[in-house]
Amino acid sequence: MQTLPFLSFLLSHMFSADCYDWSSLKLMRSHVPYVFSHHPHLKQLCAGDEECPYKEYSDVSKACWGFEPDCKRHFGNEFPTLDCPSERSKTRYWRQGDFGYVEDRLNEMKSRQLCEPMHQQKASLRCTKDSTMCRARNLYVDLRKANERVRSREKLVLEKGEIGGFCRLKENALTTETKVKRDLSAWGEQLAPYVGLDFDPFENPEKHCDVTMDKPVIFVQLDFGGNLYHHFCDFFNLYLTQLANNSWFGTNVQIVRWDMTFRYGELFGSSWKAFTDYDHVSMREYQGKRLCIPDATFAFLPRMAFGLFYSTPLEERCRGTGLFRAFTEHFLYRMGIVDEFNVPTSLPSSSPPRIKVTFLDRGASDRYKVFRRALNQDELIAAMEEIPDLDVQLVKYDRRMSFEDQLSVTRNTDIFIGVHGAGLAHFLFLPDWAVAFELYNCGDIRCYRDLPRLRRLRYLTWEDASKVKEHDKNQHREYGDHAKFWNFTFDVKEFVRLVKIARSWILEHPRFQHLRGNRDEL
């Protein structure tokens, strides 16, 4: 893959410096060879720099994530997909939820240049099929009248000519690839007004540009920031975008929300430090101005049709992807939860280790009724404490606990238990040997079953419907007839049986071989 023009300028500027700040890469050590392969000039610089901490990788043969042409030594080799019924099924799964998804999108982008540069390294627009991700160079955006047309939820819609570039537009191709106009799914509505300009704003920025961006810009449309599952559809697709953008994970980028809101409410705002050094802003920040953006990316979106990981269609039985493992490692390292060798920065106190069980408490509120609670959770906790070798903790992930502290608890958990709900998105951050136990799925079978599958984790859920009692039916005004708006009590003996299955799976891992003599007690 070619290095992008503006990115190439940034890299050449950095690498011409007398001393490169290697800590600015912010990469887990095992990920460095893959970034070096996409940026050979960085690899060469390391080989000649006595201060480079990654010298052992400067002589390593070409490594690849898995989506690159002729990729043999790829990231998933050491963590292969398991349990697929056939090779054909395995290939489909790889294209649905692994690096094959990236490969397919990049192949789409190669054949979909919607606006061709008229001069070398000038304006251009290139998109995937249906404009789920796009790259624009020397982009011009005119927001002088945009505020007059702000729609419901402060949605920003431009008119023809208010966005474009000094390039040769393929109008039929643009029309075809912007037919899908669905928020959070595609960029069709935002890019349909794109035109080929009859002037080059970058040749005379004093005349045409009120703001010229001095760093790459990534445009996003964000899902609900108060829900861990939905907000991490945002963050995962931002990581996917960085992979597709030549595997450059630099944080000197500006994230811009394509809306005109004053603020975006979110509970997991500290997560942005894994992607950028700056606060994300909305387009309102630039209202009334003309923007000139040398390097712009329209990111993969959280609710794309057949996208990741919202409603992803997956082959049955297959388990494990290099892509989701890479995301988890990268994110946890940048959040300070694991060190550069993937070792948790906060380790459990027990040595030798016991099996750590975390039971997620959905809590209660004086202001509103909380549903999907295990009403007899105290009994369930007490029963687990009688099982040998388990350290059991009841946790409540709420505003009083920082997100970093939540992640640390999860990463040091061996069996994670909770009733269906957004908190189970923490399955993403469990260690590789962990068991994800969705105590009750409330009829939504795939949502929190597929996340552990993508991570190659073992998954459990309640099996015998006759051994769970339903409470508080029809108390929710609108959805009281749905199991997601009920509460439950669970048969204690059946619960213990399932926990013992989880325990037996954990004991298969070498980390817990010292506990295997206790199998007979069960």
# chains A, B, ... in the order shown; residues from 1 in each chain; ligands from 1

call {"tool": "closest_atom_pairs", "arguments": {"of": "segment 92-163 of chain A", "to": "segment 212-231 of chain A", "cutoff": "10 Å", "atoms": "only C-alpha atoms", "output": "CSV"}}
result
residue,atom,partner,partner_atom,distance
A:Met133,CA,A:Phe219,CA,9.9
A:Cys134,CA,A:Phe219,CA,9.7
A:Arg135,CA,A:Ile218,CA,9.3
A:Ala136,CA,A:Val217,CA,9.9
A:Arg137,CA,A:Pro216,CA,9.9
A:Asn138,CA,A:Thr212,CA,10.0
A:Tyr140,CA,A:Thr212,CA,9.5

call {"tool": "write_last_selection", "arguments": {"atoms": "all heavy atoms", "output": "mmCIF file, in the first residue's frame"}}
result
data_model
loop_
_atom_site.group_PDB
_atom_site.id
_atom_site.type_symbol
_atom_site.label_atom_id
_atom_site.label_comp_id
_atom_site.auth_asym_id
_atom_site.auth_seq_id
_atom_site.Cartn_x
_atom_site.Cartn_y
_atom_site.Cartn_z
ATOM 1 N N MET A 133 -16.495 4.152 4.102
ATOM 2 C CA MET A 133 -15.278 4.864 4.499
ATOM 3 C C MET A 133 -14.749 5.569 3.262
ATOM 4 O O MET A 133 -14.823 5.034 2.152
ATOM 5 C CB MET A 133 -14.211 3.909 5.038
ATOM 6 C CG MET A 133 -12.878 4.593 5.336
ATOM 7 S SD MET A 133 -11.527 3.434 5.632
ATOM 8 C CE MET A 133 -10.113 4.551 5.522
ATOM 9 N N CYS A 134 -14.240 6.774 3.441
ATOM 10 C CA CYS A 134 -13.696 7.536 2.316
ATOM 11 C C CYS A 134 -12.431 8.265 2.735
ATOM 12 O O CYS A 134 -12.256 8.610 3.915
ATOM 13 C CB CYS A 134 -14.703 8.568 1.807
ATOM 14 S SG CYS A 134 -16.243 7.854 1.167
ATOM 15 N N ARG A 135 -11.558 8.501 1.762
ATOM 16 C CA ARG A 135 -10.375 9.339 1.963
ATOM 17 C C ARG A 135 -10.469 10.517 1.005
ATOM 18 O O ARG A 135 -10.751 10.346 -0.178
ATOM 19 C CB ARG A 135 -9.094 8.568 1.643
ATOM 20 C CG ARG A 135 -8.796 7.382 2.522
ATOM 21 C CD ARG A 135 -7.575 6.668 1.962
ATOM 22 N NE ARG A 135 -7.234 5.472 2.713
ATOM 23 C CZ ARG A 135 -6.645 4.412 2.171
ATOM 24 N NH1 ARG A 135 -6.369 4.418 0.877
ATOM 25 N NH2 ARG A 135 -6.341 3.375 2.907
ATOM 26 N N ALA A 136 -10.216 11.691 1.525
ATOM 27 C CA ALA A 136 -10.220 12.897 0.694
ATOM 28 C C ALA A 136 -8.907 13.634 0.887
ATOM 29 O O ALA A 136 -8.412 13.740 2.015
ATOM 30 C CB ALA A 136 -11.397 13.803 1.058
ATOM 31 N N ARG A 137 -8.347 14.128 -0.192
ATOM 32 C CA ARG A 137 -7.140 14.951 -0.132
ATOM 33 C C ARG A 137 -7.484 16.349 -0.631
ATOM 34 O O ARG A 137 -8.257 16.502 -1.591
ATOM 35 C CB ARG A 137 -6.018 14.333 -0.977
ATOM 36 C CG ARG A 137 -5.651 12.919 -0.529
ATOM 37 C CD ARG A 137 -5.042 12.924 0.887
ATOM 38 N NE ARG A 137 -4.940 11.573 1.440
ATOM 39 C CZ ARG A 137 -5.745 11.074 2.345
ATOM 40 N NH1 ARG A 137 -6.745 11.809 2.817
ATOM 41 N NH2 ARG A 137 -5.584 9.860 2.808
ATOM 42 N N ASN A 138 -6.904 17.336 0.026
ATOM 43 C CA ASN A 138 -7.168 18.745 -0.296
ATOM 44 C C ASN A 138 -8.674 19.006 -0.379
ATOM 45 O O ASN A 138 -9.198 19.490 -1.377
ATOM 46 C CB ASN A 138 -6.468 19.147 -1.596
ATOM 47 C CG ASN A 138 -4.971 19.310 -1.388
ATOM 48 O OD1 ASN A 138 -4.425 18.917 -0.365
ATOM 49 N ND2 ASN A 138 -4.289 19.900 -2.371
ATOM 50 N N TYR A 140 -12.224 20.722 0.500
ATOM 51 C CA TYR A 140 -12.759 22.060 0.751
ATOM 52 C C TYR A 140 -14.184 21.909 1.274
ATOM 53 O O TYR A 140 -15.008 21.215 0.668
ATOM 54 C CB TYR A 140 -12.746 22.865 -0.543
ATOM 55 C CG TYR A 140 -13.407 24.231 -0.470
ATOM 56 C CD1 TYR A 140 -12.735 25.315 0.101
ATOM 57 C CD2 TYR A 140 -14.683 24.443 -0.997
ATOM 58 C CE1 TYR A 140 -13.331 26.580 0.146
ATOM 59 C CE2 TYR A 140 -15.277 25.694 -0.956
ATOM 60 C CZ TYR A 140 -14.600 26.753 -0.384
ATOM 61 O OH TYR A 140 -15.179 27.994 -0.335
#

call {"tool": "residues_around", "arguments": {"residues": "Asp450 of chain A", "least_positions_apart": "6", "cutoff": "10 Å", "atoms": "only C-alpha atoms", "output": "PyMOL selection string"}}
result
chain A and resi 309+311-314+316-320+427+456-457+459

call {"tool": "write_last_selection", "arguments": {"atoms": "N, CA and C atoms", "output": "compact mmCIF listing (two decimals), in the first residue's frame"}}
result
# COMPACT_ATOMS: atom_id res chain seq x y z
N PHE A 309 -18.92 -3.85 15.01
CA PHE A 309 -19.35 -5.19 15.32
C PHE A 309 -20.86 -5.24 15.60
N SER A 311 -24.45 -5.98 14.85
CA SER A 311 -25.21 -6.90 14.00
C SER A 311 -24.35 -7.56 12.93
N THR A 312 -23.15 -7.94 13.30
CA THR A 312 -22.27 -8.61 12.35
C THR A 312 -22.76 -10.03 12.09
N PRO A 313 -22.99 -10.40 10.82
CA PRO A 313 -23.36 -11.79 10.53
C PRO A 313 -22.11 -12.67 10.62
N LEU A 314 -22.17 -13.74 11.37
CA LEU A 314 -21.01 -14.59 11.55
C LEU A 314 -21.35 -16.05 11.28
N GLU A 316 -21.53 -19.82 11.97
CA GLU A 316 -21.74 -20.53 13.23
C GLU A 316 -20.49 -21.32 13.62
N ARG A 317 -20.27 -21.41 14.90
CA ARG A 317 -19.25 -22.24 15.54
C ARG A 317 -17.84 -21.66 15.47
N CYS A 318 -17.48 -20.91 14.43
CA CYS A 318 -16.12 -20.37 14.36
C CYS A 318 -15.84 -19.47 15.55
N ARG A 319 -14.59 -19.44 15.99
CA ARG A 319 -14.25 -18.70 17.21
C ARG A 319 -12.83 -18.15 17.10
N GLY A 320 -12.70 -16.84 17.26
CA GLY A 320 -11.40 -16.20 17.30
C GLY A 320 -11.06 -15.42 16.04
N PHE A 427 -16.68 -8.07 27.83
CA PHE A 427 -16.15 -9.33 27.31
C PHE A 427 -14.97 -9.08 26.37
N ARG A 456 -12.27 -15.22 20.67
CA ARG A 456 -11.88 -16.62 20.89
C ARG A 456 -12.02 -17.04 22.36
N LEU A 457 -12.96 -16.45 23.06
CA LEU A 457 -13.23 -16.82 24.44
C LEU A 457 -14.29 -17.91 24.50
N TYR A 459 -17.80 -19.25 25.94
CA TYR A 459 -19.03 -18.52 26.26
C TYR A 459 -20.05 -19.48 26.87

call {"tool": "closest_residue", "arguments": {"among": "A:Leu308, A:Ala123, A:Leu139, A:Cys167", "to": "Tyr101 of chain A", "atoms": "only C-alpha atoms"}}
result
A:Leu308

call {"tool": "residues_around", "arguments": {"residues": "Glu494 of chain A", "least_positions_apart": "2", "cutoff": "10 Å", "atoms": "only C-alpha atoms", "output": "JSON, numbers by chain"}}
result
{"A": [462, 463, 464, 467, 468, 490, 491, 492, 496, 497, 498, 499, 500]}

call {"tool": "residues_around", "arguments": {"residues": "segment 433-449 of chain A", "least_positions_apart": "6", "cutoff": "6 Å", "atoms": "only C-alpha atoms", "output": "list in words"}}
result
Asp414, Ile415, Phe416, Ile417, Gly418, Val419, His420, Arg458, Tyr459, Leu460, Thr461, Trp462, Ala483 and Lys484 of chain A

call {"tool": "write_last_selection", "arguments": {"atoms": "N, CA, C and O atoms", "output": "CSV table (one decimal), in the first residue's frame"}}
result
chain,number,residue,atom,x,y,z
A,414,ASP,N,-11.1,-14.0,35.4
A,414,ASP,CA,-11.1,-15.2,34.7
A,414,ASP,C,-12.5,-15.7,34.2
A,414,ASP,O,-12.7,-16.3,33.2
A,415,ILE,N,-13.5,-15.4,35.1
A,415,ILE,CA,-14.9,-15.7,34.7
A,415,ILE,C,-15.7,-14.5,35.0
A,415,ILE,O,-15.8,-14.0,36.1
A,416,PHE,N,-16.3,-13.9,33.9
A,416,PHE,CA,-17.1,-12.7,34.0
A,416,PHE,C,-18.5,-13.1,33.8
A,416,PHE,O,-18.9,-13.6,32.8
A,417,ILE,N,-19.4,-12.7,34.8
A,417,ILE,CA,-20.8,-13.1,34.8
A,417,ILE,C,-21.7,-11.8,34.9
A,417,ILE,O,-21.4,-10.9,35.7
A,418,GLY,N,-22.7,-11.8,34.1
A,418,GLY,CA,-23.7,-10.7,34.1
A,418,GLY,C,-24.9,-11.0,33.3
A,418,GLY,O,-24.8,-11.8,32.3
A,419,VAL,N,-26.0,-10.4,33.6
A,419,VAL,CA,-27.2,-10.6,32.8
A,419,VAL,C,-27.1,-9.7,31.6
A,419,VAL,O,-26.4,-8.7,31.6
A,420,HIS,N,-27.8,-10.0,30.5
A,420,HIS,CA,-27.7,-9.3,29.2
A,420,HIS,C,-27.8,-7.8,29.5
A,420,HIS,O,-28.7,-7.3,30.1
A,458,ARG,N,-14.3,-18.7,25.6
A,458,ARG,CA,-15.4,-19.6,25.8
A,458,ARG,C,-16.6,-18.8,26.3
A,458,ARG,O,-16.5,-17.8,27.1
A,459,TYR,N,-17.8,-19.3,25.9
A,459,TYR,CA,-19.0,-18.5,26.3
A,459,TYR,C,-20.1,-19.5,26.9
A,459,TYR,O,-20.2,-20.6,26.4
A,460,LEU,N,-20.8,-19.0,27.9
A,460,LEU,CA,-21.9,-19.7,28.5
A,460,LEU,C,-23.1,-18.8,28.7
A,460,LEU,O,-22.9,-17.6,28.8
A,461,THR,N,-24.2,-19.4,28.6
A,461,THR,CA,-25.5,-18.7,29.0
A,461,THR,C,-26.4,-19.7,29.7
A,461,THR,O,-26.2,-20.9,29.6
A,462,TRP,N,-27.5,-19.2,30.2
A,462,TRP,CA,-28.5,-20.0,30.9
A,462,TRP,C,-29.1,-21.0,29.9
A,462,TRP,O,-29.4,-20.6,28.8
A,483,ALA,N,-38.7,-9.6,27.6
A,483,ALA,CA,-37.8,-10.1,28.7
A,483,ALA,C,-36.7,-9.1,29.1
A,483,ALA,O,-36.2,-9.2,30.2
A,484,LYS,N,-36.3,-8.2,28.2
A,484,LYS,CA,-35.3,-7.2,28.5
A,484,LYS,C,-35.8,-6.2,29.6
A,484,LYS,O,-35.0,-5.4,30.1

call {"tool": "closest_residue", "arguments": {"among": "A:Asp210, A:Glu404, A:Glu386, A:Asp398", "to": "Ala422 of chain A", "atoms": "only C-alpha atoms"}}
result
A:Asp398

call {"tool": "closest_residue", "arguments": {"among": "A:Val157, A:Met109, A:Pro205, A:Gly363", "to": "Lys181 of chain A", "atoms": "only C-alpha atoms"}}
result
A:Val157

call {"tool": "select_by_dssp", "arguments": {"residues": "segment 12-60 of chain A", "states": "helix (DSSP H, G or I)", "output": "VMD selection string"}}
result
chain A and resid 12 to 15 22 to 25 29 to 38 40 to 47 55 to 57

call {"tool": "closest_residue", "arguments": {"among": "A:Ser466, A:Thr413, A:Ser24, A:Gln113", "to": "Phe249 of chain A", "atoms": "only C-alpha atoms"}}
result
A:Ser24

call {"tool": "atom_distance", "arguments": {"atom1": "atom CA of Asn474 of chain A", "atom2": "atom CA of Gly423 of chain A"}}
result
23.8 Å

call {"tool": "select_by_dssp", "arguments": {"residues": "segment 146-362 of chain A", "states": "strand (DSSP E or B)", "output": "number ranges by chain"}}
result
A: 163-165, 167-169, 194-196, 211-212, 217-220, 254-257, 281-282, 290-298, 319, 338, 344, 355-360

call {"tool": "write_last_selection", "arguments": {"atoms": "N, CA, C and O atoms", "output": "compact mmCIF listing (two decimals), in the first residue's frame"}}
result
# COMPACT_ATOMS: atom_id res chain seq x y z
N ILE A 163 -19.05 21.30 -0.59
CA ILE A 163 -17.97 20.37 -0.29
C ILE A 163 -17.41 19.89 -1.62
O ILE A 163 -18.17 19.64 -2.57
N GLY A 164 -16.09 19.80 -1.72
CA GLY A 164 -15.50 19.37 -2.98
C GLY A 164 -14.00 19.48 -2.98
O GLY A 164 -13.36 19.68 -1.94
N GLY A 165 -13.45 19.34 -4.18
CA GLY A 165 -12.01 19.44 -4.35
C GLY A 165 -11.67 19.78 -5.79
O GLY A 165 -12.48 19.58 -6.71
N CYS A 167 -10.52 18.61 -8.53
CA CYS A 167 -10.23 17.32 -9.15
C CYS A 167 -11.29 17.01 -10.20
O CYS A 167 -12.29 17.72 -10.32
N ARG A 168 -11.06 15.94 -10.94
CA ARG A 168 -11.96 15.56 -12.03
C ARG A 168 -13.02 14.61 -11.49
O ARG A 168 -12.76 13.44 -11.25
N LEU A 169 -14.25 15.11 -11.31
CA LEU A 169 -15.31 14.34 -10.68
C LEU A 169 -15.92 13.32 -11.63
O LEU A 169 -16.23 13.64 -12.79
N TYR A 194 -20.73 16.60 -3.04
CA TYR A 194 -19.33 16.83 -3.43
C TYR A 194 -19.26 17.22 -4.91
O TYR A 194 -19.92 16.62 -5.76
N VAL A 195 -18.44 18.24 -5.22
CA VAL A 195 -18.27 18.69 -6.61
C VAL A 195 -16.78 18.82 -6.92
O VAL A 195 -15.94 18.94 -6.03
N GLY A 196 -16.48 18.76 -8.21
CA GLY A 196 -15.15 19.12 -8.68
C GLY A 196 -15.08 20.63 -8.82
O GLY A 196 -15.81 21.22 -9.62
N VAL A 211 -9.98 28.55 7.57
CA VAL A 211 -9.25 27.65 8.46
C VAL A 211 -8.56 26.59 7.60
O VAL A 211 -9.21 25.93 6.80
N THR A 212 -7.25 26.48 7.76
CA THR A 212 -6.52 25.39 7.11
C THR A 212 -6.03 24.44 8.20
O THR A 212 -5.27 24.85 9.09
N VAL A 217 -7.42 15.02 9.64
CA VAL A 217 -8.76 15.09 10.24
C VAL A 217 -9.47 13.76 9.98
O VAL A 217 -9.42 13.21 8.87
N ILE A 218 -10.11 13.24 11.02
CA ILE A 218 -10.95 12.06 10.88
C ILE A 218 -12.38 12.46 11.24
O ILE A 218 -12.65 12.85 12.38
N PHE A 219 -13.26 12.39 10.25
CA PHE A 219 -14.67 12.68 10.49
C PHE A 219 -15.35 11.43 11.01
O PHE A 219 -15.12 10.32 10.53
N VAL A 220 -16.23 11.61 12.01
CA VAL A 220 -16.96 10.49 12.60
C VAL A 220 -18.43 10.86 12.75
O VAL A 220 -18.79 12.04 12.81
N GLN A 254 -7.00 15.19 14.46
CA GLN A 254 -8.18 15.87 14.99
C GLN A 254 -9.42 15.07 14.63
O GLN A 254 -9.71 14.85 13.46
N ILE A 255 -10.16 14.63 15.65
CA ILE A 255 -11.43 13.94 15.43
C ILE A 255 -12.53 14.98 15.37
O ILE A 255 -12.67 15.80 16.28
N VAL A 256 -13.31 14.96 14.28
CA VAL A 256 -14.39 15.94 14.10
C VAL A 256 -15.70 15.20 13.91
O VAL A 256 -15.84 14.36 13.02
N ARG A 257 -16.67 15.48 14.77
CA ARG A 257 -18.00 14.90 14.66
C ARG A 257 -18.79 15.62 13.56
O ARG A 257 -18.86 16.85 13.55
N VAL A 281 -14.27 17.48 18.42
CA VAL A 281 -15.12 18.67 18.28
C VAL A 281 -16.19 18.37 17.23
O VAL A 281 -16.07 17.45 16.43
N SER A 282 -17.24 19.20 17.24
CA SER A 282 -18.27 19.07 16.21
C SER A 282 -18.00 20.10 15.12
O SER A 282 -17.18 21.01 15.28
N ARG A 290 -14.85 28.62 5.99
CA ARG A 290 -14.47 27.71 4.91
C ARG A 290 -13.24 26.94 5.38
O ARG A 290 -12.24 27.53 5.77
N LEU A 291 -13.38 25.61 5.32
CA LEU A 291 -12.31 24.74 5.79
C LEU A 291 -11.50 24.21 4.62
O LEU A 291 -12.07 23.78 3.60
N CYS A 292 -10.20 24.20 4.78
CA CYS A 292 -9.31 23.56 3.82
C CYS A 292 -8.54 22.48 4.58
O CYS A 292 -7.81 22.78 5.53
N ILE A 293 -8.75 21.23 4.16
CA ILE A 293 -8.23 20.09 4.90
C ILE A 293 -7.34 19.26 3.98
O ILE A 293 -7.84 18.57 3.09
N PRO A 294 -6.01 19.32 4.16
CA PRO A 294 -5.12 18.55 3.28
C PRO A 294 -5.36 17.05 3.34
O PRO A 294 -5.28 16.36 2.33
N ASP A 295 -5.67 16.53 4.54
CA ASP A 295 -5.80 15.08 4.73
C ASP A 295 -7.06 14.81 5.55
O ASP A 295 -7.12 15.16 6.73
N ALA A 296 -8.08 14.24 4.91
CA ALA A 296 -9.35 13.96 5.59
C ALA A 296 -9.75 12.51 5.37
O ALA A 296 -9.61 11.98 4.26
N THR A 297 -10.23 11.89 6.43
CA THR A 297 -10.74 10.52 6.35
C THR A 297 -12.15 10.51 6.94
O THR A 297 -12.39 11.06 8.01
N PHE A 298 -13.06 9.89 6.21
CA PHE A 298 -14.41 9.67 6.70
C PHE A 298 -14.44 8.25 7.23
O PHE A 298 -14.38 7.28 6.47
N ARG A 319 -14.59 -19.44 15.99
CA ARG A 319 -14.25 -18.70 17.21
C ARG A 319 -12.83 -18.15 17.10
O ARG A 319 -11.90 -18.90 16.85
N VAL A 338 -2.53 -2.60 30.38
CA VAL A 338 -1.45 -3.58 30.23
C VAL A 338 -0.20 -2.82 29.81
O VAL A 338 -0.26 -1.71 29.27
N PRO A 344 -0.83 -7.22 32.63
CA PRO A 344 -1.64 -6.23 33.35
C PRO A 344 -0.79 -5.38 34.29
O PRO A 344 0.09 -5.90 34.99
N ILE A 355 -8.81 -18.59 40.77
CA ILE A 355 -9.69 -18.21 39.66
C ILE A 355 -10.54 -17.02 40.10
O ILE A 355 -11.31 -17.10 41.05
N LYS A 356 -10.35 -15.93 39.40
CA LYS A 356 -11.04 -14.68 39.75
C LYS A 356 -12.39 -14.61 39.03
O LYS A 356 -12.45 -14.64 37.80
N VAL A 357 -13.46 -14.51 39.80
CA VAL A 357 -14.81 -14.43 39.25
C VAL A 357 -15.36 -13.03 39.53
O VAL A 357 -15.35 -12.57 40.68
N THR A 358 -15.83 -12.37 38.49
CA THR A 358 -16.44 -11.05 38.64
C THR A 358 -17.91 -11.15 38.25
O THR A 358 -18.24 -11.55 37.13
N PHE A 359 -18.79 -10.82 39.19
CA PHE A 359 -20.24 -10.81 38.95
C PHE A 359 -20.67 -9.35 38.83
O PHE A 359 -20.49 -8.56 39.76
N LEU A 360 -21.23 -9.00 37.68
CA LEU A 360 -21.61 -7.61 37.42
C LEU A 360 -23.00 -7.31 37.97
O LEU A 360 -24.00 -7.92 37.56

call {"tool": "atom_distance", "arguments": {"atom1": "atom CA of Glu103 of chain A", "atom2": "atom CA of Leu451 of chain A"}}
result
21.0 Å

call {"tool": "residues_around", "arguments": {"residues": "His482 of chain A", "least_positions_apart": "4", "cutoff": "12 Å", "atoms": "only C-alpha atoms", "output": "list in words"}}
result
Phe371, Arg372, Asn441, Cys442, Gly443, Asp444, Glu470, His471, Asp472, Lys473, Asn474, Gln475, His476, Arg477, Glu478, Trp486 and Asn487 of chain A

call {"tool": "closest_residue", "arguments": {"among": "A:Ala425, A:Ala186, A:Met260, A:Met384", "to": "Gln287 of chain A", "atoms": "only C-alpha atoms"}}
result
A:Met260

call {"tool": "closest_residue", "arguments": {"among": "A:Asn237, A:Thr345, A:Asn412, A:Ser271", "to": "Pro431 of chain A", "atoms": "only C-alpha atoms"}}
result
A:Asn412

call {"tool": "residues_around", "arguments": {"residues": "segment 42-59 of chain A", "least_positions_apart": "6", "cutoff": "7 Å", "atoms": "only C-alpha atoms", "output": "PyMOL selection string"}}
result
chain A and resi 22+33+36

call {"tool": "write_last_selection", "arguments": {"atoms": "N, CA, C and O atoms", "output": "PDB file, in the first residue's frame"}}
result
ATOM      1  N   TRP A  22      10.724   7.878  20.016  1.00  0.00           N
ATOM      2  CA  TRP A  22      10.125   6.571  19.790  1.00  0.00           C
ATOM      3  C   TRP A  22       8.939   6.316  20.707  1.00  0.00           C
ATOM      4  O   TRP A  22       8.038   5.534  20.378  1.00  0.00           O
ATOM      5  N   PRO A  33       6.377  -4.787  14.622  1.00  0.00           N
ATOM      6  CA  PRO A  33       6.774  -5.293  13.301  1.00  0.00           C
ATOM      7  C   PRO A  33       5.741  -5.035  12.214  1.00  0.00           C
ATOM      8  O   PRO A  33       6.097  -4.819  11.056  1.00  0.00           O
ATOM      9  N   PHE A  36       6.047  -1.378  11.282  1.00  0.00           N
ATOM     10  CA  PHE A  36       7.293  -1.233  10.526  1.00  0.00           C
ATOM     11  C   PHE A  36       7.118  -1.703   9.082  1.00  0.00           C
ATOM     12  O   PHE A  36       7.671  -1.104   8.148  1.00  0.00           O
TER      13      PHE A  36
END

call {"tool": "residues_around", "arguments": {"residues": "Arg362 of chain A", "least_positions_apart": "6", "cutoff": "8 Å", "atoms": "only C-alpha atoms", "output": "VMD selection string"}}
result
chain A and resid 370 372 to 373 396

call {"tool": "atom_distance", "arguments": {"atom1": "atom CA of Tyr34 of chain A", "atom2": "atom CA of Cys64 of chain A"}}
result
5.4 Å
